[in-house]
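Visitor: Here you go, structure-v4.cif (mmCIF, C-alpha atoms):
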```
data_coords
loop_
_atom_site.label_atom_id
_atom_site.label_comp_id
_atom_site.auth_asym_id
_atom_site.auth_seq_id
_atom_site.Cartn_x
_atom_site.Cartn_y
_atom_site.Cartn_z
CA MET A 1 145.39 72.98 21.75
CA ALA A 2 145.81 73.47 18.06
CA GLU A 3 148.73 75.46 16.82
CA VAL A 4 148.57 79.16 17.48
CA ALA A 5 146.97 80.93 14.54
CA THR A 6 149.05 83.72 13.13
CA VAL A 7 147.55 87.06 13.90
CA SER A 8 146.95 88.95 10.67
CA ALA A 9 148.18 92.48 10.98
CA LEU A 10 145.42 95.05 10.64
CA PRO A 11 146.01 97.50 7.82
CA GLU A 12 147.32 100.84 8.97
CA ALA A 13 144.78 103.59 9.23
CA PRO A 14 145.61 106.69 7.23
CA ALA A 15 147.27 109.23 9.46
CA PRO A 16 145.35 112.43 10.19
CA LEU A 17 146.60 115.55 8.49
CA ARG A 18 148.42 117.80 10.91
CA MET A 19 146.44 121.00 10.69
CA LEU A 20 147.97 124.32 11.42
CA TYR A 21 145.46 126.86 12.54
CA CYS A 22 146.25 130.54 12.79
CA GLU A 23 146.75 131.60 16.40
CA ILE A 24 144.95 134.86 15.86
CA CYS A 25 141.78 133.87 14.09
CA SER A 26 141.74 130.05 14.40
CA PHE A 27 141.20 129.57 10.68
CA PRO A 28 143.59 127.64 8.45
CA PRO A 29 146.12 130.30 7.38
CA GLU A 30 144.91 130.37 3.79
CA TYR A 31 141.53 131.70 4.96
CA CYS A 32 142.92 134.41 7.22
CA GLU A 33 142.37 137.06 4.56
CA PHE A 34 138.60 136.60 4.92
CA GLY A 35 138.61 136.88 8.67
CA SER A 36 138.46 140.04 10.71
CA HIS A 37 142.15 140.18 11.60
CA ALA A 38 143.77 139.90 8.19
CA THR A 39 146.80 142.14 8.79
CA LYS A 40 147.54 140.72 12.24
CA CYS A 41 147.28 137.18 10.90
CA LYS A 42 149.63 138.07 8.09
CA THR A 43 152.33 139.40 10.43
CA TRP A 44 151.93 136.40 12.72
CA LEU A 45 152.31 133.98 9.83
CA GLU A 46 155.37 135.80 8.55
CA GLU A 47 157.05 135.54 11.93
CA THR A 48 156.18 131.97 12.81
CA HIS A 49 155.87 130.11 9.52
CA PRO A 50 157.82 131.97 6.83
CA ASP A 51 157.49 129.08 4.39
CA LEU A 52 153.71 129.13 4.53
CA TYR A 53 153.81 132.91 4.33
CA GLN A 54 155.72 132.60 1.09
CA LYS A 55 153.20 130.11 -0.19
CA TYR A 56 150.13 132.23 0.51
CA TYR A 57 151.33 135.80 0.33
CA SER A 58 154.09 135.73 -2.22
CA ASP A 59 153.70 137.88 -5.27
CA ASP A 60 152.71 135.03 -7.58
CA ALA A 61 150.09 133.81 -5.16
CA LEU A 62 148.57 137.27 -4.87
CA GLN A 63 148.68 137.65 -8.61
CA ALA A 64 146.84 134.38 -9.10
CA LYS A 65 144.18 135.52 -6.66
CA LEU A 66 143.73 138.82 -8.41
CA SER A 67 143.25 137.19 -11.76
CA ALA A 68 140.37 135.12 -10.43
CA LEU A 69 138.26 138.13 -9.59
CA SER A 70 137.30 141.14 -11.63
CA VAL A 71 138.78 144.49 -10.61
CA GLU A 72 135.67 145.94 -8.96
CA ALA A 73 134.98 142.73 -7.11
CA GLN A 74 138.54 142.72 -5.79
CA SER A 75 138.41 146.31 -4.60
CA LYS A 76 135.03 145.74 -2.98
CA LEU A 77 136.45 142.72 -1.22
CA GLU A 78 139.39 144.75 0.06
CA GLN A 79 137.10 147.49 1.35
CA GLU A 80 134.92 144.99 3.13
CA THR A 81 137.80 143.21 4.80
CA ALA A 82 139.26 146.54 5.91
CA LYS A 83 135.91 147.50 7.41
CA LYS A 84 135.55 144.16 9.11
CA GLU A 85 138.96 144.42 10.62
CA ALA A 86 138.33 147.93 11.87
CA LYS A 87 135.12 146.75 13.49
CA ALA A 88 136.83 143.81 15.12
CA ASP A 89 139.55 146.08 16.48
CA ALA A 90 137.01 148.53 17.87
CA LYS A 91 135.17 145.67 19.53
CA ALA A 92 138.34 144.31 21.11
CA LEU A 93 139.20 147.79 22.39
CA ALA A 94 135.74 148.29 23.87
CA GLU A 95 135.99 144.95 25.59
CA ALA A 96 139.39 145.74 27.05
CA LYS A 97 138.07 149.03 28.39
CA LYS A 98 135.08 147.32 29.89
CA LYS A 99 137.37 144.92 31.63
CA GLU A 100 139.32 147.74 33.19
CA ALA A 101 136.23 149.51 34.36
CA ALA A 102 134.56 146.32 35.45
CA GLN A 103 133.61 146.35 39.04
CA VAL A 104 133.37 143.34 41.23
CA THR A 105 130.67 144.17 43.71
CA ILE A 106 130.52 142.45 47.06
CA LYS A 107 127.21 143.12 48.73
CA ARG A 108 126.31 142.26 52.24
CA ILE A 109 122.55 141.80 52.38
CA GLU A 110 120.62 141.51 55.56
CA ARG A 111 118.44 138.47 55.72
CA ASN A 112 117.19 138.55 59.29
CA LYS A 113 118.13 140.76 62.19
CA ARG A 114 121.51 139.16 62.58
CA LYS A 115 121.85 136.94 59.54
CA PHE A 116 123.44 138.06 56.32
CA VAL A 117 124.16 136.81 52.87
CA THR A 118 127.05 137.97 50.77
CA SER A 119 126.47 138.48 47.10
CA ILE A 120 129.34 138.78 44.64
CA HIS A 121 128.67 139.96 41.19
CA GLY A 122 130.82 141.03 38.32
CA LEU A 123 133.18 138.06 38.21
CA GLU A 124 132.16 137.04 34.70
CA THR A 125 134.04 139.80 32.97
CA PHE A 126 137.22 138.34 34.43
CA GLY A 127 136.53 134.96 32.92
CA ILE A 128 136.00 133.17 36.19
CA ASP A 129 133.99 129.96 36.13
CA LEU A 130 131.17 130.84 38.49
CA LYS A 131 130.19 127.30 39.36
CA LYS A 132 133.70 126.38 40.37
CA ALA A 133 134.14 129.59 42.33
CA ALA A 134 130.83 129.08 44.14
CA LYS A 135 131.82 125.58 45.10
CA ALA A 136 135.21 126.78 46.29
CA PHE A 137 133.60 129.45 48.48
CA ALA A 138 131.24 126.91 49.95
CA THR A 139 134.07 124.60 50.97
CA LYS A 140 136.20 127.44 52.25
CA PHE A 141 133.58 128.99 54.47
CA ALA A 142 131.72 125.78 55.26
CA THR A 143 128.41 127.35 54.29
CA GLY A 144 126.06 127.17 51.36
CA SER A 145 126.79 129.04 48.17
CA SER A 146 125.12 129.15 44.79
CA VAL A 147 125.06 130.89 41.48
CA THR A 148 121.84 132.80 40.88
CA LYS A 149 120.54 135.21 38.32
CA ASN A 150 120.05 138.79 39.31
CA PRO A 151 116.83 140.59 38.46
CA GLN A 152 119.09 142.61 36.14
CA GLY A 153 120.06 139.40 34.39
CA PHE A 154 123.61 139.04 35.68
CA ASP A 155 124.86 135.92 37.33
CA GLU A 156 125.96 136.35 40.88
CA ILE A 157 127.38 134.14 43.57
CA VAL A 158 125.46 134.18 46.82
CA VAL A 159 127.28 132.92 49.91
CA GLN A 160 125.41 132.44 53.17
CA GLY A 161 126.76 134.39 56.10
CA ASP A 162 128.71 137.59 56.32
CA VAL A 163 131.94 136.80 54.54
CA SER A 164 132.45 140.03 52.64
CA ASP A 165 135.66 140.91 54.45
CA ASP A 166 137.04 137.42 54.01
CA ILE A 167 136.37 137.52 50.30
CA LEU A 168 138.08 140.84 50.04
CA GLU A 169 141.11 139.36 51.76
CA ILE A 170 141.17 136.40 49.44
CA ILE A 171 141.05 138.60 46.38
CA GLU A 172 143.92 140.66 47.72
CA ASP A 173 145.91 137.57 48.53
CA ALA A 174 145.11 136.06 45.17
CA GLY A 175 146.79 138.97 43.49
CA THR A 176 150.02 138.12 45.23
CA GLY A 177 149.75 134.39 44.81
CA GLY A 178 148.42 133.36 48.19
CA GLY A 179 145.15 131.72 49.10
CA GLY A 180 145.58 128.23 47.67
CA GLN A 181 143.10 126.84 45.22
CA LEU A 182 140.52 129.56 45.68
CA GLY A 183 143.18 132.17 45.15
CA ALA A 184 144.21 130.52 41.91
CA LEU A 185 140.63 130.78 40.67
CA LEU A 186 140.24 134.42 41.60
CA LYS A 187 143.64 135.44 40.32
CA ALA A 188 142.33 137.55 37.53
CA VAL A 189 140.59 140.09 39.75
CA PRO A 190 142.64 143.19 40.51
CA ALA A 191 142.08 144.25 44.10
CA ASP A 192 141.22 147.86 43.27
CA ASN A 193 138.22 146.93 41.21
CA VAL A 194 136.36 145.60 44.18
CA LEU A 195 133.51 147.49 45.72
CA CYS A 196 131.91 146.60 49.03
CA ILE A 197 128.35 147.61 49.79
CA GLU A 198 126.00 146.98 52.59
CA GLU A 199 122.41 146.51 51.74
CA LYS A 200 119.48 146.52 54.00
CA LYS A 201 116.96 144.43 52.19
CA LYS A 202 114.19 144.87 54.64
CA LYS A 203 110.95 143.33 53.56
CA ASP A 204 108.00 144.85 55.26
CA PRO A 205 106.63 142.49 57.87
CA PRO A 206 103.21 141.20 56.89
CA ALA A 207 100.35 142.86 58.70
CA ALA A 208 99.87 141.02 61.92
CA MET B 1 122.88 125.02 11.32
CA PHE B 2 125.39 126.41 13.75
CA LYS B 3 125.11 130.06 12.94
CA LYS B 4 123.91 130.81 16.45
CA PHE B 5 125.02 128.17 18.87
CA SER B 6 126.10 128.67 22.41
CA PRO B 7 127.24 125.59 24.35
CA THR B 8 125.92 126.99 27.60
CA ALA B 9 122.50 127.93 26.36
CA ASP B 10 121.71 125.70 23.40
CA VAL B 11 122.76 122.27 24.63
CA SER B 12 119.80 120.79 26.41
CA SER B 13 121.38 117.58 27.64
CA GLN B 14 124.60 115.64 27.64
CA SER B 15 124.78 111.92 28.24
CA LEU B 16 127.24 109.08 27.76
CA LEU B 17 126.17 106.61 25.10
CA LYS B 18 125.24 103.07 26.01
CA SER B 19 127.43 100.65 24.12
CA SER B 20 124.41 99.25 22.27
CA VAL B 21 123.52 102.70 20.99
CA GLN B 22 127.19 103.31 20.29
CA ARG B 23 127.31 100.20 18.12
CA GLN B 24 124.25 101.36 16.22
CA VAL B 25 125.75 104.75 15.50
CA ARG B 26 129.05 103.20 14.44
CA SER B 27 127.34 100.85 12.01
CA ALA B 28 125.33 103.76 10.63
CA LEU B 29 128.58 105.60 10.07
CA LEU B 30 130.18 102.60 8.38
CA ALA B 31 127.19 102.30 6.10
CA GLN B 32 127.18 105.95 5.19
CA TYR B 33 130.90 106.53 4.71
CA PRO B 34 132.78 104.11 2.45
CA ALA B 35 136.05 105.76 3.50
CA LEU B 36 135.42 104.73 7.08
CA ALA B 37 134.41 101.20 6.17
CA ALA B 38 137.44 100.53 3.96
CA ASP B 39 140.20 98.33 5.35
CA GLN B 40 137.95 96.68 7.91
CA GLY B 41 136.99 99.97 9.50
CA VAL B 42 140.47 100.97 10.63
CA LEU B 43 139.84 104.65 10.07
CA LEU B 44 136.73 104.69 12.19
CA GLU B 45 138.63 102.88 14.91
CA GLN B 46 141.27 105.59 14.84
CA ILE B 47 138.80 108.47 14.94
CA TRP B 48 136.45 106.82 17.37
CA PRO B 49 137.89 103.83 19.23
CA LYS B 50 135.33 101.22 20.11
CA LYS B 51 136.24 101.27 23.77
CA GLU B 52 135.98 105.01 24.23
CA ALA B 53 132.90 106.46 25.82
CA VAL B 54 131.31 108.90 23.46
CA SER B 55 128.84 111.45 24.72
CA LEU B 56 125.68 112.57 23.00
CA LEU B 57 124.79 116.22 23.23
CA LYS B 58 121.22 117.05 22.41
CA CYS B 59 120.76 120.56 21.13
CA ARG B 60 117.86 122.71 20.10
CA GLU B 61 116.05 121.92 16.83
CA HIS B 62 116.72 118.20 17.27
CA ILE B 63 120.41 118.39 16.59
CA SER B 64 122.45 115.61 18.18
CA ILE B 65 126.19 115.90 18.40
CA TYR B 66 128.41 112.92 19.14
CA ALA B 67 131.50 114.10 20.97
CA LEU B 68 134.60 112.29 22.16
CA GLN B 69 136.04 113.90 25.30
CA GLY B 70 134.30 117.13 24.49
CA GLU B 71 135.42 117.32 20.88
CA PRO B 72 132.51 117.03 18.46
CA LEU B 73 132.99 114.26 15.92
CA PHE B 74 129.72 113.82 14.05
CA PHE B 75 126.33 115.40 14.25
CA GLN B 76 122.92 114.97 12.72
CA GLN B 77 119.60 116.70 12.58
CA TYR B 78 116.48 114.61 13.26
CA ASP B 79 117.47 111.30 11.67
CA GLY B 80 119.27 112.83 8.75
CA PRO B 81 122.71 111.91 7.46
CA LEU B 82 125.55 111.96 9.99
CA MET B 83 128.00 114.71 9.18
CA PRO B 84 131.56 115.18 10.38
CA SER B 85 132.55 118.38 12.13
CA LEU B 86 134.73 120.67 10.04
CA ARG B 87 137.74 120.11 12.28
CA LEU B 88 137.45 116.35 11.81
CA LEU B 89 137.11 116.84 8.08
CA HIS B 90 140.32 118.88 8.03
CA LYS B 91 142.18 115.96 9.58
CA TYR B 92 140.68 113.41 7.19
CA PRO B 93 139.74 115.21 3.99
CA ASP B 94 138.61 112.05 2.21
CA LEU B 95 135.62 111.45 4.42
CA LEU B 96 133.32 113.39 2.12
CA PRO B 97 133.20 113.94 -1.65
CA HIS B 98 134.51 117.35 -2.69
CA VAL B 99 132.80 120.14 -4.53
CA GLN B 100 134.43 123.47 -5.17
CA VAL B 101 133.10 127.01 -5.37
CA ASP B 102 134.78 129.93 -7.04
CA ARG B 103 136.55 132.75 -5.26
CA GLY B 104 133.73 135.22 -5.43
CA ALA B 105 131.52 132.98 -3.35
CA ILE B 106 134.01 132.59 -0.49
CA ARG B 107 132.96 135.60 1.50
CA PHE B 108 129.32 134.55 1.34
CA LEU B 109 130.23 131.02 2.28
CA LEU B 110 132.10 132.25 5.33
CA ALA B 111 129.07 134.25 6.34
CA GLY B 112 126.89 131.14 6.24
CA ALA B 113 124.96 131.57 3.01
CA HIS B 114 123.80 128.58 0.98
CA MET B 115 125.77 128.03 -2.20
CA MET B 116 124.06 128.83 -5.48
CA CYS B 117 124.53 126.68 -8.59
CA PRO B 118 126.46 129.25 -10.64
CA GLY B 119 129.21 129.15 -8.02
CA PHE B 120 129.89 125.54 -8.98
CA THR B 121 129.49 125.81 -12.71
CA SER B 122 131.62 128.91 -13.30
CA ALA B 123 135.31 128.78 -14.12
CA GLY B 124 136.51 128.48 -10.54
CA GLY B 125 134.03 125.87 -9.44
CA ARG B 126 134.29 122.14 -9.75
CA LEU B 127 131.77 119.33 -9.46
CA PRO B 128 132.39 115.60 -9.56
CA PRO B 129 132.20 114.07 -13.06
CA LYS B 130 129.12 112.20 -14.27
CA GLU B 131 130.42 108.77 -13.26
CA SER B 132 130.75 109.79 -9.65
CA GLY B 133 127.84 112.22 -9.60
CA LEU B 134 126.09 112.78 -6.30
CA PRO B 135 122.37 112.59 -5.65
CA ALA B 136 120.39 115.29 -3.90
CA GLY B 137 120.64 115.14 -0.12
CA ALA B 138 124.25 113.94 -0.01
CA PRO B 139 126.70 115.48 2.46
CA VAL B 140 129.68 117.10 0.72
CA ALA B 141 132.83 118.92 1.68
CA ILE B 142 132.90 122.37 0.14
CA HIS B 143 136.30 123.57 -0.98
CA CYS B 144 137.19 126.95 -2.41
CA GLU B 145 139.07 127.88 -5.52
CA GLY B 146 142.72 128.15 -4.69
CA LYS B 147 142.47 126.73 -1.17
CA GLU B 148 143.58 123.33 -0.10
CA HIS B 149 141.38 122.85 2.95
CA ALA B 150 137.63 122.51 3.15
CA SER B 151 135.78 125.56 4.31
CA ALA B 152 132.35 124.09 4.90
CA VAL B 153 130.22 120.98 5.02
CA GLY B 154 126.96 121.05 3.12
CA ILE B 155 124.12 118.94 1.80
CA THR B 156 123.35 118.91 -1.90
CA LYS B 157 119.93 120.27 -2.68
CA LEU B 158 120.06 119.08 -6.30
CA SER B 159 122.03 116.25 -7.78
CA THR B 160 125.35 117.28 -9.31
CA GLU B 161 124.02 116.60 -12.79
CA GLU B 162 121.03 118.83 -12.11
CA ILE B 163 123.31 121.57 -10.81
CA LYS B 164 125.25 121.43 -14.07
CA SER B 165 122.17 121.48 -16.25
CA LEU B 166 119.75 123.76 -14.37
CA ASN B 167 122.29 126.23 -12.97
CA LYS B 168 119.72 128.10 -10.99
CA ASN B 169 118.97 128.67 -7.30
CA VAL B 170 120.50 126.86 -4.37
CA GLY B 171 122.85 124.00 -5.21
CA VAL B 172 124.28 123.10 -1.83
CA GLU B 173 122.84 124.01 1.54
CA LEU B 174 125.39 124.88 4.16
CA VAL B 175 125.37 122.90 7.37
CA THR B 176 128.54 124.05 9.08
CA TYR B 177 131.20 126.50 7.94
CA LEU B 178 134.55 127.90 8.99
CA GLY B 179 134.05 130.37 11.78
CA ASP B 180 130.57 129.36 12.85
CA ASP B 181 129.71 128.69 16.44
CA LEU B 182 130.56 125.01 16.18
CA TRP B 183 134.02 125.95 14.92
CA THR B 184 134.67 128.49 17.63
CA ASN B 185 133.82 125.96 20.35
CA PRO B 186 136.14 123.05 19.69
CA LYS B 187 135.58 121.69 23.17
CA LEU B 188 131.97 121.33 24.20
CA LEU B 189 131.42 121.10 27.94
#
```
What would you get if you wrote out this structure as structure tokens?

Guide:
Amino acid sequence: MAEVATVSALPEAPAPLRMLYCEICSFPPEYCEFGSHATKCKTWLEETHPDLYQKYYSDDALQAKLSALSVEAQSKLEQETAKKEAKADAKALAEAKKKEAAQVTIKRIERNKRKFVTSIHGLETFGIDLKKAAKAFATKFATGSSVTKNPQGFDEIVVQGDVSDDILEIIEDAGTGGGGQLGALLKAVPADNVLCIEEKKKKDPPAA
Amino acid sequence: MFKKFSPTADVSSQSLLKSSVQRQVRSALLAQYPALAADQGVLLEQIWPKKEAVSLLKCREHISIYALQGEPLFFQQYDGPLMPSLRLLHKYPDLLPHVQVDRGAIRFLLAGAHMMCPGFTSAGGRLPPKESGLPAGAPVAIHCEGKEHASAVGITKLSTEEIKSLNKNVGVELVTYLGDDLWTNPKLL
């Protein structure tokens, strides 16, 4: 064999810039003032990165920004950002309220004289991945389960068999940390928000 | 392009790329981006290692997104130029040539509007000089007066010389901007 050829070192690739994104609005901090959470972003930046806060919100920086825009444009901009922030706050509040009032409905629907299906709807508002939950139910109860769309347009999990009481138990256990993997998925559901209904979906038998 | 984009509803298919297709896309990238091709392509290797399996997400309106482990890297519409996602551009600002708009245009930019010529020719705006002027249809990184990071990626509608001389109508069309639906979903599926 010929002598070993020296391996030429590959040039170093330029390192990526380490980007800091604001925790509140996910923008780079210099753009927070245009987002819908300007004041919150400002307080967050002051607490966590005082040096950057100095850079962007110090008096000279603000002065430089002001000089770039005419007076009316600046005041209009301030009004608009204040409005945007108020709207974003109202939206967040409405969503939080909805979450509190959100009901998880467990329905027991009659399929045949002695066969039932259990339908669970309302899990989306708690941020639960429906596909994973459906799969977990299927393995737990050893029956079929699927995610379907309601006539109203909501996604619901349908589990074959009458498991409504078991599901209730799991949700209660989940709150206190029991229930294994399924419990970990359903953790977010507070036990008082659950409503159990029985439905008699009787389709009229076709004329003989 | 990503004003209304929901990963659950708008992505029609997701598939891993065959290595032959992967090689084609990589060579297209090397041809389009001199910054990636410099130094024997080391930068591209760092962003997108040859061995890694990259997935292709096909979205509505013929948009294809190339994503590495769920993070979008580049995307294109039909067979147009391949453009980096804004997050990738933040990490490697030299991928695209820079243009700058003035402060007054920032709020419109962040709402997704196309950038008009006067935004580039006024006091706060900057365009590349004549020697490095860009033709129409070139992807650019759009920066804002007083900010150090790019806020959008766009495609020039007119060449930079035409923008300077005509100073009317749309100069740069916005493709993706800070806060659009591609930004708010850094991990796709």

Visitor: Written as a list in words, which residues does the PyMOL selection byres ((chain A) within 6 of (chain B)) give for the file shown?

Guide: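 Selected by the PyMOL selection byres ((chain A) within 6 of (chain B)) in this file: Ala13, Pro16 and Leu17 of chain A.
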
Visitor: Suppose a student applies the PyMOL selection byres ((chain A and resi 161) around 7) to this structure; what residues should they get, written as a list of chain:residue names?

Guide: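 For this structure, the PyMOL selection byres ((chain A and resi 161) around 7) captures A:Lys115, A:Phe116, A:Val117, A:Thr118, A:Val159, A:Gln160, A:Asp162, A:Val163.
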
Visitor: Mind checking which residues fall within 12 Å of Ala101 (chain A), counting all atoms listed in the file, ignoring those fewer than 2 positions away in the same chain, and posting them as a list of chain:residue names?

Guide: A:Ala94, A:Glu95, A:Ala96, A:Lys97, A:Lys98, A:Lys99, A:Gln103, A:Val104, A:Gly122, A:Thr125, A:Phe126, A:Val189, A:Pro190, A:Asp192, A:Asn193, A:Val194, A:Leu195

Visitor: How would you write, as a PyMOL selection string, the residues chosen by the PyMOL selection byres ((chain B and resi 68) around 12) on this structure?

Guide: chain B and resi 14-17+22+46-57+65-67+69-75+85+88+186-189

Visitor: Filtering to C-alpha atoms, could you give me those residues as a tab-separated table (two decimals), in the frame of the given file?

Guide:
```
chain	number	residue	atom	x	y	z
B	14	GLN	CA	124.60	115.64	27.64
B	15	SER	CA	124.78	111.92	28.24
B	16	LEU	CA	127.24	109.08	27.76
B	17	LEU	CA	126.17	106.61	25.10
B	22	GLN	CA	127.19	103.31	20.29
B	46	GLN	CA	141.27	105.59	14.84
B	47	ILE	CA	138.80	108.47	14.94
B	48	TRP	CA	136.45	106.82	17.37
B	49	PRO	CA	137.89	103.83	19.23
B	50	LYS	CA	135.33	101.22	20.11
B	51	LYS	CA	136.24	101.27	23.77
B	52	GLU	CA	135.98	105.01	24.23
B	53	ALA	CA	132.90	106.46	25.82
B	54	VAL	CA	131.31	108.90	23.46
B	55	SER	CA	128.84	111.45	24.72
B	56	LEU	CA	125.68	112.57	23.00
B	57	LEU	CA	124.79	116.22	23.23
B	65	ILE	CA	126.19	115.90	18.40
B	66	TYR	CA	128.41	112.92	19.14
B	67	ALA	CA	131.50	114.10	20.97
B	69	GLN	CA	136.04	113.90	25.30
B	70	GLY	CA	134.30	117.13	24.49
B	71	GLU	CA	135.42	117.32	20.88
B	72	PRO	CA	132.51	117.03	18.46
B	73	LEU	CA	132.99	114.26	15.92
B	74	PHE	CA	129.72	113.82	14.05
B	75	PHE	CA	126.33	115.40	14.25
B	85	SER	CA	132.55	118.38	12.13
B	88	LEU	CA	137.45	116.35	11.81
B	186	PRO	CA	136.14	123.05	19.69
B	187	LYS	CA	135.58	121.69	23.17
B	188	LEU	CA	131.97	121.33	24.20
B	189	LEU	CA	131.42	121.10	27.94
```

Visitor: CA of Asn112 (chain A) and CA of Lys131 (chain A) are how many Å apart?

Guide: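 Separation between CA of Asn112 (chain A) and CA of Lys131 (chain A): 26.3 Å.
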
Visitor: Choose the residue, out of B:Val153, B:Leu174, B:Ala28, B:Ala141, that has the smallest atom-to-atom separation from Asp94 (chain B); count only C-alpha atoms.

Guide: B:Ala141
